[in-house]
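Content type compact mmCIF, C-alpha atoms and all ligand atoms, from the file target-v6.txt:
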```txt
# COMPACT_ATOMS: atom_id res chain seq x y z
CA MET A 7 28.25 54.71 -33.12
CA PRO A 8 28.28 58.50 -32.72
CA LYS A 9 31.46 60.52 -32.19
CA LEU A 10 31.59 63.60 -29.96
CA SER A 11 30.92 65.80 -33.00
CA ASP A 12 27.69 63.88 -33.67
CA ILE A 13 26.30 64.37 -30.18
CA PHE A 14 23.21 66.46 -30.47
CA GLY A 15 21.92 69.10 -28.06
CA GLN A 16 24.57 68.65 -25.35
CA GLU A 17 26.96 71.45 -26.29
CA ALA A 18 27.88 72.38 -22.71
CA ALA A 19 28.68 68.79 -21.67
CA VAL A 20 30.66 68.09 -24.84
CA ARG A 21 32.66 71.30 -24.37
CA VAL A 22 33.70 70.27 -20.84
CA LEU A 23 34.72 66.78 -21.94
CA ARG A 24 36.65 68.07 -24.96
CA ARG A 25 38.53 70.60 -22.87
CA ALA A 26 39.69 67.84 -20.52
CA LEU A 27 40.71 65.61 -23.45
CA THR A 28 42.56 68.44 -25.19
CA HIS A 29 44.58 69.25 -22.07
CA ASP A 30 44.96 65.58 -21.21
CA CYS A 31 43.64 66.21 -17.72
CA LEU A 32 40.68 63.86 -17.36
CA ALA A 33 39.06 63.29 -14.01
CA GLY A 34 39.32 59.59 -13.10
CA THR A 35 35.56 59.30 -12.77
CA TYR A 36 32.69 61.03 -14.50
CA LEU A 37 29.07 60.70 -13.45
CA PHE A 38 26.59 61.37 -16.26
CA VAL A 39 23.22 62.34 -14.84
CA GLY A 40 20.06 62.62 -16.93
CA GLN A 41 16.62 61.16 -17.51
CA ALA A 42 16.30 57.75 -19.11
CA GLY A 43 16.47 58.26 -22.87
CA SER A 44 18.17 61.66 -22.64
CA GLY A 45 21.30 60.41 -24.42
CA LYS A 46 23.67 59.53 -21.54
CA ASN A 47 24.77 56.36 -23.30
CA ALA A 48 25.58 58.04 -26.58
CA ILE A 49 27.67 60.80 -25.03
CA SER A 50 29.58 58.54 -22.66
CA LEU A 51 30.34 56.02 -25.42
CA SER A 52 31.63 58.73 -27.73
CA PHE A 53 33.69 60.11 -24.85
CA ALA A 54 35.08 56.62 -24.16
CA GLN A 55 36.04 56.18 -27.81
CA ALA A 56 37.75 59.58 -27.94
CA ALA A 57 39.61 58.94 -24.66
CA ALA A 58 40.95 55.59 -25.90
CA CYS A 59 41.76 56.79 -29.44
CA LEU A 60 45.45 56.58 -30.38
CA THR A 61 45.48 59.31 -33.03
CA PRO A 62 42.62 61.66 -32.15
CA GLU A 63 41.54 64.65 -34.18
CA LEU A 64 42.64 67.69 -32.28
CA ASN A 65 40.67 70.75 -33.23
CA PRO A 66 38.12 70.11 -31.89
CA PHE A 67 39.12 66.93 -30.08
CA ASP A 68 37.43 63.74 -31.30
CA ALA A 69 38.06 60.06 -31.99
CA CYS A 70 39.80 59.47 -35.34
CA GLY A 71 37.65 56.51 -36.36
CA ASN A 72 40.64 54.76 -38.01
CA CYS A 73 43.14 53.68 -35.35
CA SER A 74 43.15 50.11 -34.03
CA SER A 75 41.24 51.19 -30.91
CA CYS A 76 38.55 53.04 -32.87
CA LEU A 77 38.14 50.27 -35.45
CA ARG A 78 37.65 47.66 -32.75
CA PHE A 79 35.37 49.93 -30.75
CA VAL A 80 33.04 50.48 -33.70
CA LYS A 81 32.83 46.71 -34.22
CA GLY A 82 32.14 46.25 -30.52
CA THR A 83 35.37 44.30 -29.97
CA GLN A 84 37.55 46.82 -28.08
CA PRO A 85 38.20 44.75 -24.91
CA GLU A 86 39.62 47.75 -23.07
CA ILE A 87 36.32 49.61 -23.20
CA VAL A 88 34.04 47.62 -20.93
CA ARG A 89 30.33 48.17 -20.32
CA ILE A 90 28.87 46.92 -17.08
CA ALA A 91 25.06 46.72 -16.87
CA PRO A 92 23.01 45.57 -13.88
CA ALA A 93 22.65 41.82 -13.39
CA GLY A 94 18.91 41.73 -12.80
CA ASP A 95 17.87 44.74 -10.76
CA SER A 96 21.24 45.61 -9.29
CA THR A 97 24.90 45.98 -10.19
CA GLN A 98 26.74 43.60 -7.93
CA ILE A 99 30.18 43.24 -6.47
CA TRP A 100 30.99 40.00 -8.31
CA GLN A 101 30.59 41.87 -11.62
CA PHE A 102 33.71 43.88 -10.69
CA TRP A 103 35.82 41.56 -8.57
CA THR A 104 36.26 37.83 -8.97
CA ARG A 105 34.38 36.00 -6.22
CA ASP A 106 34.12 32.31 -5.34
CA ASN A 107 31.88 30.33 -7.70
CA LYS A 108 31.44 33.27 -10.06
CA PRO A 109 33.09 33.86 -13.44
CA PRO A 110 36.31 35.95 -13.44
CA ALA A 111 35.34 39.62 -13.14
CA THR A 112 36.52 42.54 -15.22
CA LEU A 113 38.28 44.74 -12.65
CA SER A 114 40.17 41.84 -11.09
CA LEU A 115 41.32 40.77 -14.53
CA THR A 116 42.29 44.07 -16.10
CA LEU A 117 42.55 47.07 -13.81
CA ASN A 118 46.21 46.62 -12.92
CA TYR A 119 47.41 46.24 -16.49
CA ALA A 120 48.14 49.21 -18.74
CA PRO A 121 46.13 49.17 -21.96
CA ILE A 122 47.80 47.78 -25.08
CA ILE A 123 45.22 48.50 -27.78
CA GLY A 124 44.06 52.00 -26.96
CA LYS A 125 45.28 54.90 -24.89
CA ARG A 126 43.08 54.22 -21.86
CA ARG A 127 41.05 51.54 -20.20
CA VAL A 128 37.47 52.71 -19.90
CA TYR A 129 34.85 51.17 -17.61
CA LEU A 130 31.28 52.25 -18.27
CA ILE A 131 28.90 51.53 -15.43
CA GLU A 132 25.56 51.92 -17.16
CA GLN A 133 23.25 52.32 -14.16
CA ALA A 134 25.30 53.49 -11.22
CA ASP A 135 22.08 54.06 -9.30
CA THR A 136 21.66 50.28 -9.16
CA LEU A 137 25.02 49.58 -7.45
CA THR A 138 24.54 47.54 -4.31
CA GLU A 139 26.11 49.08 -1.24
CA SER A 140 28.90 46.51 -1.18
CA ALA A 141 29.59 46.98 -4.90
CA ALA A 142 29.68 50.76 -4.47
CA ASN A 143 31.96 50.50 -1.43
CA SER A 144 34.28 48.17 -3.29
CA LEU A 145 34.75 50.84 -5.97
CA LEU A 146 35.54 53.68 -3.59
CA LYS A 147 39.22 52.99 -3.18
CA VAL A 148 39.68 52.55 -6.94
CA LEU A 149 37.84 55.76 -7.74
CA GLU A 150 39.93 57.57 -5.15
CA GLU A 151 43.24 56.59 -6.73
CA PRO A 152 42.67 54.98 -10.11
CA PRO A 153 45.65 53.92 -12.23
CA PRO A 154 46.55 56.83 -14.54
CA TYR A 155 45.24 55.01 -17.63
CA ALA A 156 41.83 54.09 -16.13
CA LEU A 157 38.68 56.07 -16.79
CA PHE A 158 35.39 55.31 -15.05
CA LEU A 159 32.18 56.57 -16.66
CA LEU A 160 29.14 56.16 -14.44
CA MET A 161 25.60 56.86 -15.62
CA ALA A 162 22.64 57.54 -13.37
CA THR A 163 19.01 58.45 -13.81
CA HIS A 164 18.46 58.93 -10.08
CA PRO A 165 21.64 60.51 -8.67
CA ALA A 166 20.10 60.52 -5.20
CA ARG A 167 20.39 56.73 -5.23
CA VAL A 168 24.13 56.82 -5.86
CA LEU A 169 26.27 56.55 -2.74
CA PRO A 170 27.31 60.13 -1.79
CA THR A 171 30.91 59.00 -1.38
CA ILE A 172 30.88 57.92 -5.04
CA VAL A 173 29.30 61.18 -6.18
CA SER A 174 31.91 63.18 -4.29
CA ARG A 175 34.72 61.35 -6.11
CA SER A 176 33.18 61.96 -9.53
CA GLN A 177 32.91 64.89 -11.84
CA THR A 178 29.21 65.25 -12.56
CA VAL A 179 28.11 65.90 -16.15
CA LEU A 180 24.47 66.95 -16.51
CA ILE A 181 22.68 65.68 -19.60
CA ARG A 182 19.71 67.85 -20.35
CA VAL A 183 16.60 67.16 -22.38
CA ALA A 184 16.91 68.79 -25.80
CA ALA A 185 14.58 71.62 -26.82
CA ARG A 186 11.63 70.19 -28.76
CA GLU A 187 12.11 72.20 -31.96
CA ASP A 188 15.79 71.24 -32.00
CA LEU A 189 15.00 67.56 -31.60
CA THR A 190 12.39 67.71 -34.38
CA ARG A 191 14.88 69.35 -36.74
CA PHE A 192 17.55 66.81 -35.78
CA LEU A 193 15.22 63.86 -36.51
CA GLU A 194 14.22 65.35 -39.85
CA SER A 195 17.76 65.99 -40.99
CA THR A 196 19.49 62.87 -39.73
CA HIS A 197 16.78 60.19 -39.80
CA ALA A 198 14.98 61.09 -43.00
CA LEU A 199 11.63 61.63 -41.30
CA THR A 200 8.95 63.97 -42.62
CA HIS A 201 8.21 67.03 -40.50
CA ALA A 202 4.97 65.42 -39.30
CA GLU A 203 6.71 62.19 -38.29
CA ALA A 204 9.50 64.06 -36.53
CA THR A 205 7.04 66.26 -34.63
CA LEU A 206 5.00 63.27 -33.54
CA LEU A 207 8.06 61.36 -32.33
CA THR A 208 9.38 64.41 -30.50
CA ASP A 209 6.11 64.76 -28.61
CA TYR A 210 5.70 61.03 -28.15
CA SER A 211 9.15 60.72 -26.58
CA GLY A 212 8.68 63.83 -24.44
CA GLY A 213 11.79 65.30 -26.06
CA LEU A 214 14.01 62.39 -25.03
CA ILE A 215 16.46 61.87 -27.85
CA GLY A 216 17.40 58.30 -26.94
CA GLU A 217 13.83 57.08 -27.25
CA ALA A 218 13.06 59.21 -30.33
CA VAL A 219 16.11 57.90 -32.19
CA THR A 220 15.42 54.28 -31.27
CA LEU A 221 11.88 54.65 -32.59
CA SER A 222 12.86 56.48 -35.75
CA THR A 223 15.25 53.71 -36.73
CA ASN A 224 12.52 51.10 -36.41
CA PRO A 225 10.66 50.72 -39.72
CA ALA A 226 7.62 49.12 -38.04
CA MET A 227 7.05 52.31 -36.07
CA ARG A 228 5.59 54.23 -39.04
CA GLU A 229 2.99 51.63 -39.80
CA GLU A 230 1.96 51.31 -36.17
CA ILE A 231 1.49 55.06 -35.78
CA SER A 232 -0.51 55.26 -38.95
CA LYS A 233 -2.80 52.40 -37.82
CA ILE A 234 -3.38 54.11 -34.47
CA LEU A 235 -4.20 57.43 -36.14
CA ASP A 236 -6.59 55.70 -38.56
CA PHE A 237 -8.32 54.20 -35.54
CA ALA A 238 -8.37 57.60 -33.82
CA GLU A 239 -10.28 59.05 -36.75
CA THR A 240 -13.10 56.54 -36.25
CA ILE A 241 -13.84 57.66 -32.68
CA PRO A 242 -15.11 61.26 -32.72
CA GLY A 243 -18.11 60.60 -34.98
CA ALA A 244 -19.10 57.25 -33.48
CA PRO A 245 -22.43 56.93 -31.64
CA ARG A 246 -22.57 55.80 -28.04
CA VAL A 247 -23.71 52.29 -28.92
CA ARG A 248 -20.36 51.70 -30.66
CA ALA A 249 -18.29 52.43 -27.53
CA LEU A 250 -17.76 48.84 -26.41
CA LYS A 251 -16.88 47.70 -29.93
CA LEU A 252 -14.35 50.55 -30.21
CA ALA A 253 -12.87 49.55 -26.86
CA GLU A 254 -12.41 46.05 -28.22
CA ASN A 255 -10.76 47.45 -31.37
CA LEU A 256 -8.46 49.50 -29.16
CA ARG A 257 -7.32 46.40 -27.25
CA LYS A 258 -6.69 44.54 -30.52
CA LEU A 259 -4.71 47.48 -31.82
CA ALA A 260 -2.59 47.45 -28.66
CA THR A 261 -1.79 43.76 -29.11
CA GLY A 262 -0.23 44.53 -32.50
CA THR A 263 1.76 47.51 -31.22
CA LYS A 264 5.27 46.24 -30.65
CA ALA A 265 7.80 48.77 -31.96
CA LEU A 266 6.25 51.74 -30.15
CA ALA A 267 6.00 49.77 -26.94
CA GLY A 268 9.72 48.96 -27.24
CA LEU A 269 8.95 45.26 -27.00
CA GLU A 270 11.39 43.67 -29.41
CA GLN A 271 14.39 45.61 -28.10
CA LYS A 272 14.12 44.14 -24.65
CA THR A 273 16.50 41.25 -24.20
CA ALA A 274 15.89 39.29 -21.08
CA SER A 275 18.96 39.31 -18.88
CA SER A 276 20.03 35.81 -18.01
CA ASP A 277 20.77 36.93 -14.47
CA ALA A 278 17.33 38.39 -13.95
CA GLU A 279 14.84 36.68 -11.71
CA PRO A 280 12.72 34.38 -13.87
CA GLU A 281 9.43 36.17 -14.17
CA ASP A 282 6.14 34.35 -14.18
CA ALA A 283 5.21 34.11 -17.91
CA ALA A 284 1.65 35.29 -17.30
CA THR A 285 2.86 38.30 -15.31
CA ALA A 286 5.33 39.22 -18.06
CA LYS A 287 2.63 39.01 -20.71
CA GLU A 288 0.23 41.07 -18.63
CA ARG A 289 2.88 43.75 -18.09
CA ALA A 290 3.79 43.83 -21.78
CA GLY A 291 0.10 44.20 -22.64
CA ARG A 292 -0.23 47.24 -20.40
CA GLY A 293 2.89 48.73 -21.98
CA GLN A 294 1.40 48.24 -25.45
CA LEU A 295 -1.88 49.85 -24.46
CA THR A 296 -0.04 52.77 -22.87
CA ALA A 297 1.91 53.28 -26.11
CA VAL A 298 -1.33 53.46 -28.11
CA LEU A 299 -2.86 55.89 -25.61
CA ARG A 300 0.22 58.12 -25.89
CA ILE A 301 -0.36 58.47 -29.64
CA LEU A 302 -4.12 58.91 -29.27
CA ILE A 303 -3.72 61.71 -26.75
CA LEU A 304 -1.53 63.62 -29.24
CA PHE A 305 -4.30 63.23 -31.80
CA TYR A 306 -6.82 64.69 -29.38
CA ARG A 307 -4.51 67.58 -28.55
CA ASP A 308 -4.63 68.43 -32.25
CA LEU A 309 -8.44 68.33 -32.25
CA LEU A 310 -8.41 70.71 -29.29
CA THR A 311 -5.90 73.05 -30.95
CA LEU A 312 -7.92 73.23 -34.16
CA ARG A 313 -11.28 73.72 -32.48
CA ALA A 314 -9.90 76.42 -30.19
CA ALA A 315 -8.34 78.16 -33.22
CA SER A 316 -11.60 78.12 -35.16
CA GLU A 317 -13.46 79.69 -32.22
CA SER A 318 -10.99 82.40 -31.39
CA PRO A 319 -10.66 85.17 -34.00
CA SER A 320 -7.11 86.04 -32.96
CA LEU A 321 -5.99 82.45 -33.36
CA SER A 322 -7.87 81.69 -36.57
CA ASN A 323 -5.77 84.18 -38.52
CA PHE A 324 -2.85 81.84 -38.77
CA SER A 325 -2.38 80.45 -42.23
CA GLU A 326 -2.73 76.82 -43.28
CA GLN A 327 1.06 76.61 -43.47
CA LYS A 328 1.45 77.83 -39.89
CA GLU A 329 -1.39 75.62 -38.75
CA GLU A 330 0.48 72.57 -40.00
CA THR A 331 3.54 73.56 -38.02
CA ARG A 332 1.58 73.97 -34.79
CA LEU A 333 -0.14 70.66 -35.16
CA ILE A 334 1.47 67.42 -34.08
CA ASN A 335 -0.14 65.45 -36.90
CA GLY A 336 0.23 68.18 -39.50
CA ASP A 337 -0.03 65.68 -42.35
CA ARG A 338 -3.64 64.92 -41.37
CA VAL A 339 -4.79 68.50 -41.19
CA THR A 340 -7.78 68.01 -43.49
CA SER A 341 -9.40 65.18 -41.57
CA LEU A 342 -8.40 66.71 -38.25
CA SER A 343 -10.09 70.00 -39.16
CA ARG A 344 -13.26 68.18 -40.13
CA LEU A 345 -13.30 66.01 -37.02
CA SER A 346 -12.49 68.90 -34.70
CA GLN A 347 -15.83 70.48 -35.66
CA LYS A 348 -17.70 67.45 -34.29
CA GLY A 349 -17.17 68.68 -30.74
CA SER A 350 -16.69 71.77 -28.63
CA VAL A 351 -13.46 72.89 -27.03
CA GLU A 352 -14.90 71.53 -23.79
CA ARG A 353 -15.51 68.10 -25.31
CA TRP A 354 -11.92 67.79 -26.54
CA MET A 355 -10.58 68.99 -23.21
CA ASN A 356 -12.67 66.37 -21.43
CA SER A 357 -11.36 63.77 -23.88
CA VAL A 358 -7.74 64.63 -23.06
CA ASP A 359 -8.63 64.33 -19.36
CA ALA A 360 -10.24 60.93 -20.02
CA PHE A 361 -6.94 59.71 -21.53
CA LEU A 362 -4.96 60.92 -18.56
CA LEU A 363 -7.37 59.15 -16.22
CA ALA A 364 -7.12 55.90 -18.24
CA TRP A 365 -3.36 56.16 -18.14
CA ARG A 366 -3.29 56.57 -14.36
CA ARG A 367 -5.68 53.64 -13.92
CA LEU A 368 -3.46 51.43 -16.06
CA GLU A 369 -0.46 52.36 -13.96
CA ALA A 370 -2.46 51.47 -10.87
CA ASN A 371 -3.07 48.00 -12.40
CA ALA A 372 -6.78 48.48 -12.99
CA ASN A 373 -8.52 45.91 -15.18
CA VAL A 374 -7.68 46.56 -18.85
CA ASN A 375 -11.19 45.85 -20.15
CA LEU A 376 -12.76 48.24 -17.66
CA VAL A 377 -10.23 50.97 -18.35
CA THR A 378 -10.66 50.81 -22.13
CA GLU A 379 -14.46 50.59 -21.94
CA SER A 380 -14.87 53.55 -19.64
CA LEU A 381 -12.37 55.52 -21.74
CA LEU A 382 -14.35 54.94 -24.94
CA MET A 383 -17.64 55.72 -23.19
CA SER A 384 -16.17 59.14 -22.33
CA LEU A 385 -14.80 59.70 -25.84
CA VAL A 386 -17.89 59.01 -27.95
CA SER A 387 -20.58 61.66 -27.98
CA GLU A 388 -24.18 61.26 -26.87
CA THR A 389 -25.54 61.67 -30.35
CA GLY A 390 -22.75 60.46 -32.57
CA GLN A 391 -22.34 63.89 -34.13
ZN ZN B 1 41.13 56.48 -33.12
```
As structure tokens, how would this structure be written, given the file I've shared?
Ligand SMILES: [Zn+2]
Amino acid sequence: MPKLSDIFGQEAAVRVLRRALTHDCLAGTYLFVGQAGSGKNAISLSFAQAAACLTPELNPFDACGNCSSCLRFVKGTQPEIVRIAPAGDSTQIWQFWTRDNKPPATLSLTLNYAPIIGKRRVYLIEQADTLTESAANSLLKVLEEPPPYALFLLMATHPARVLPTIVSRSQTVLIRVAAREDLTRFLESTHALTHAEATLLTDYSGGLIGEAVTLSTNPAMREEISKILDFAETIPGAPRVRALKLAENLRKLATGTKALAGLEQKTASSDAEPEDAATAKERAGRGQLTAVLRILILFYRDLLTLRAASESPSLSNFSEQKEETRLINGDRVTSLSRLSQKGSVERWMNSVDAFLLAWRRLEANANVNLVTESLLMSLVSETGQ
């Protein structure tokens, strides 16, 4: 569980939160706004821990890690720091206030009682953009005049979907996407990844630290990526008659891709609508295929980079060392260089376009067999050279 000092790439946000903690003048409600996977959870949890800490470090302000509040928080048993996630697709009023026929709800049970373990009671509303209108309205009065010990931390990916009256009662904290080079360095230094692995994950996650960190802590991820890249290397030299077989291999590969597709982390919420099993499987399958395509497209970007470099005198001056840094899959530079010569810059550009088209078709629910077959037909060359 990270502390404020461990939060990476959000210096401005951390500075604002620390200043408020240092002067003991917290707003009652903070709204953390950022893309999914940008690290909203990590920063708001570390802020919650620091705000509830009994004996915080002061310069700079942070949770101590040793008081009874911190110790319980790290074990996930600090009952005064409550996380509220959507029940199904929305966050509903009965999750805050006890309603007939529903289990006792957190705000009804606790809001009026001063904390006894930590310094504050903290309520984290994980997806404030999913609050139903009645749930949001029921919070307004509390957010207007919260008890002095209460702290509400709301997170939102789509701030436009949060009721404006809630936004106006909150202090907004913007969580930005980290610079790519910074994220790569961070993954290398803190997650023991090689430079090539860190670069690939940075690009794969689009610079989103939450996703990159989740993936880098999953040991299955390495093997999956390496299998996908091995498969990628079989495509450029394959003749046209192999296209359908390769499409079949691609679908098989997708079936085995679980870590990258984020499949085993998903826990089905008991409150969610029961989904038709076939529909769920179909959706998971598309997610797996998309994950494989995301790695393959990075491979093809490398082919394009190398081919373009070998054709342009000004670019071809860069040394092997530099070349490795520019490439996403720098650890495969030898085979990439060889394969890149099998096609022209135009061929590799068309290949990247073919991936983007396949991706869009998948999102539009096109038939998986057709999408993969037409993709592979575009990728293999006429002559197999
Ligand atoms: Zn503490």
| request: Would you mind telling me which residue in A:Ala284, A:Ala56, A:Leu27, A:Val22 lies nearest to Ala69 (chain A) when using only C-alpha atoms? | output: A:Ala56
What are the closest atom pairs, with distances in Å to one decimal, for all residues of chain A lying within 12 Å of ligand ZN 1 (chain B)? Consider only C-alpha atoms and all ligand atoms, order rows by chain and residue number, and present the result as a tab-separated table.
```
residue	atom	partner	partner_atom	distance
A:Lys9	CA	B:ZN1	ZN	10.5
A:Ser52	CA	B:ZN1	ZN	11.2
A:Phe53	CA	B:ZN1	ZN	11.7
A:Ala54	CA	B:ZN1	ZN	10.8
A:Gln55	CA	B:ZN1	ZN	7.4
A:Ala56	CA	B:ZN1	ZN	6.9
A:Ala57	CA	B:ZN1	ZN	8.9
A:Ala58	CA	B:ZN1	ZN	7.3
A:Cys59	CA	B:ZN1	ZN	3.7
A:Leu60	CA	B:ZN1	ZN	5.1
A:Thr61	CA	B:ZN1	ZN	5.2
A:Pro62	CA	B:ZN1	ZN	5.5
A:Glu63	CA	B:ZN1	ZN	8.2
A:Leu64	CA	B:ZN1	ZN	11.3
A:Phe67	CA	B:ZN1	ZN	11.1
A:Asp68	CA	B:ZN1	ZN	8.3
A:Ala69	CA	B:ZN1	ZN	4.8
A:Cys70	CA	B:ZN1	ZN	4.0
A:Gly71	CA	B:ZN1	ZN	4.8
A:Asn72	CA	B:ZN1	ZN	5.2
A:Cys73	CA	B:ZN1	ZN	4.1
A:Ser74	CA	B:ZN1	ZN	6.7
A:Ser75	CA	B:ZN1	ZN	5.7
A:Cys76	CA	B:ZN1	ZN	4.3
A:Leu77	CA	B:ZN1	ZN	7.3
A:Arg78	CA	B:ZN1	ZN	9.5
A:Phe79	CA	B:ZN1	ZN	9.0
A:Val80	CA	B:ZN1	ZN	10.1
A:Gln84	CA	B:ZN1	ZN	11.5
A:Ile123	CA	B:ZN1	ZN	10.4
A:Gly124	CA	B:ZN1	ZN	8.2
A:Lys125	CA	B:ZN1	ZN	9.4
A:Arg126	CA	B:ZN1	ZN	11.6
```
| Could you state the separation of CA of Thr136 (chain A) and CA of Leu149 (chain A) in Å, given to one decimal place? | 17.1 Å
| message | Between A:Thr311, A:Asn143, A:Thr340, A:Asn335, which residue has the minimum interatomic distance to Val173 (chain A), considering only C-alpha atoms? | response |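 Closest residue, counting only C-alpha atoms: A:Asn143.
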| Can you list, as a ChimeraX atom specification, every protein, DNA or RNA residue that comes within 12 Å of Leu269 (chain A) when you count only C-alpha atoms, leaving out same-chain residues fewer than 4 positions away? | /A:220-221,224,226-227,260-265,273-274,286-287,289-294,297
Could the residues in this selection be written to a file with C-alpha atoms, as a PDB file, in the frame of the given file?
```pdb
ATOM      1  CA  THR A 220      15.420  54.280 -31.270  1.00  0.00           C
ATOM      2  CA  LEU A 221      11.880  54.650 -32.590  1.00  0.00           C
ATOM      3  CA  ASN A 224      12.520  51.100 -36.410  1.00  0.00           C
ATOM      4  CA  ALA A 226       7.620  49.120 -38.040  1.00  0.00           C
ATOM      5  CA  MET A 227       7.050  52.310 -36.070  1.00  0.00           C
ATOM      6  CA  ALA A 260      -2.590  47.450 -28.660  1.00  0.00           C
ATOM      7  CA  THR A 261      -1.790  43.760 -29.110  1.00  0.00           C
ATOM      8  CA  GLY A 262      -0.230  44.530 -32.500  1.00  0.00           C
ATOM      9  CA  THR A 263       1.760  47.510 -31.220  1.00  0.00           C
ATOM     10  CA  LYS A 264       5.270  46.240 -30.650  1.00  0.00           C
ATOM     11  CA  ALA A 265       7.800  48.770 -31.960  1.00  0.00           C
ATOM     12  CA  THR A 273      16.500  41.250 -24.200  1.00  0.00           C
ATOM     13  CA  ALA A 274      15.890  39.290 -21.080  1.00  0.00           C
ATOM     14  CA  ALA A 286       5.330  39.220 -18.060  1.00  0.00           C
ATOM     15  CA  LYS A 287       2.630  39.010 -20.710  1.00  0.00           C
ATOM     16  CA  ARG A 289       2.880  43.750 -18.090  1.00  0.00           C
ATOM     17  CA  ALA A 290       3.790  43.830 -21.780  1.00  0.00           C
ATOM     18  CA  GLY A 291       0.100  44.200 -22.640  1.00  0.00           C
ATOM     19  CA  ARG A 292      -0.230  47.240 -20.400  1.00  0.00           C
ATOM     20  CA  GLY A 293       2.890  48.730 -21.980  1.00  0.00           C
ATOM     21  CA  GLN A 294       1.400  48.240 -25.450  1.00  0.00           C
ATOM     22  CA  ALA A 297       1.910  53.280 -26.110  1.00  0.00           C
TER      23      ALA A 297
END
```
| field | Pairwise distance for CA of Lys147 (chain A) and CA of Gly94 (chain A), rounded to one decimal in Å | value |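 Going from CA of Lys147 (chain A) over to CA of Gly94 (chain A) covers 25.1 Å.
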| request: Mind giving me the straight-line distance from CA of Val168 (chain A) to CA of Glu139 (chain A) in Å, one decimal? | output: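 Taking CA of Val168 (chain A) and CA of Glu139 (chain A), their separation equals 9.2 Å.
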| What's the 10 Å shell around Arg105 (chain A), counting all atoms listed in the file, without same-chain residues fewer than 6 positions away, as a PyMOL selection string? | chain A and resi 99+111+114
| Contacts of Val179 (chain A) at 10 Å or less, counting only C-alpha atoms, minus same-chain residues fewer than 6 places along, as a list in words? |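 Close residues of Val179 (chain A): Ala18, Ala19, Val20, Val22, Leu23, Tyr36, Leu37, Phe38, Val39, Gly40, Lys46, Ser50, Leu160 and Met161 of chain A.
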| task | Name all residues at most 12 Å from Trp365 (chain A) (count only C-alpha atoms; drop same-chain ones fewer than 3 positions away) and give them as a VMD selection string. | result | chain A and resid 292 to 300 302 to 303 358 to 362 368 to 374 377 to 378 380 to 381
Scan for residues within 9 Å of the point (39.5, 47.0, -16.1) in the coordinates of the file, using all atoms listed in the file, and reply as a PDB file with C-alpha atoms, in the coordinates of the input.
```pdb
ATOM      1  CA  GLU A  86      39.620  47.750 -23.070  1.00  0.00           C
ATOM      2  CA  ILE A  87      36.320  49.610 -23.200  1.00  0.00           C
ATOM      3  CA  VAL A  88      34.040  47.620 -20.930  1.00  0.00           C
ATOM      4  CA  PHE A 102      33.710  43.880 -10.690  1.00  0.00           C
ATOM      5  CA  ALA A 111      35.340  39.620 -13.140  1.00  0.00           C
ATOM      6  CA  THR A 112      36.520  42.540 -15.220  1.00  0.00           C
ATOM      7  CA  LEU A 113      38.280  44.740 -12.650  1.00  0.00           C
ATOM      8  CA  SER A 114      40.170  41.840 -11.090  1.00  0.00           C
ATOM      9  CA  LEU A 115      41.320  40.770 -14.530  1.00  0.00           C
ATOM     10  CA  THR A 116      42.290  44.070 -16.100  1.00  0.00           C
ATOM     11  CA  LEU A 117      42.550  47.070 -13.810  1.00  0.00           C
ATOM     12  CA  ASN A 118      46.210  46.620 -12.920  1.00  0.00           C
ATOM     13  CA  TYR A 119      47.410  46.240 -16.490  1.00  0.00           C
ATOM     14  CA  ARG A 127      41.050  51.540 -20.200  1.00  0.00           C
ATOM     15  CA  VAL A 128      37.470  52.710 -19.900  1.00  0.00           C
ATOM     16  CA  TYR A 129      34.850  51.170 -17.610  1.00  0.00           C
ATOM     17  CA  ALA A 156      41.830  54.090 -16.130  1.00  0.00           C
TER      18      ALA A 156
END
```
| Which is closest to Leu157 (chain A) among A:Asn65, A:Gln101, A:Thr171, A:Thr35, if we use all atoms listed in the file? |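 Using all atoms listed in the file, the shortest distance to Leu157 (chain A) belongs to A:Thr35.
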| field | Minimum-distance residue to Tyr155 (chain A), chosen among A:Asp308, A:Glu288, A:Asp30, A:Asp95 (using all atoms listed in the file) | value | A:Asp30
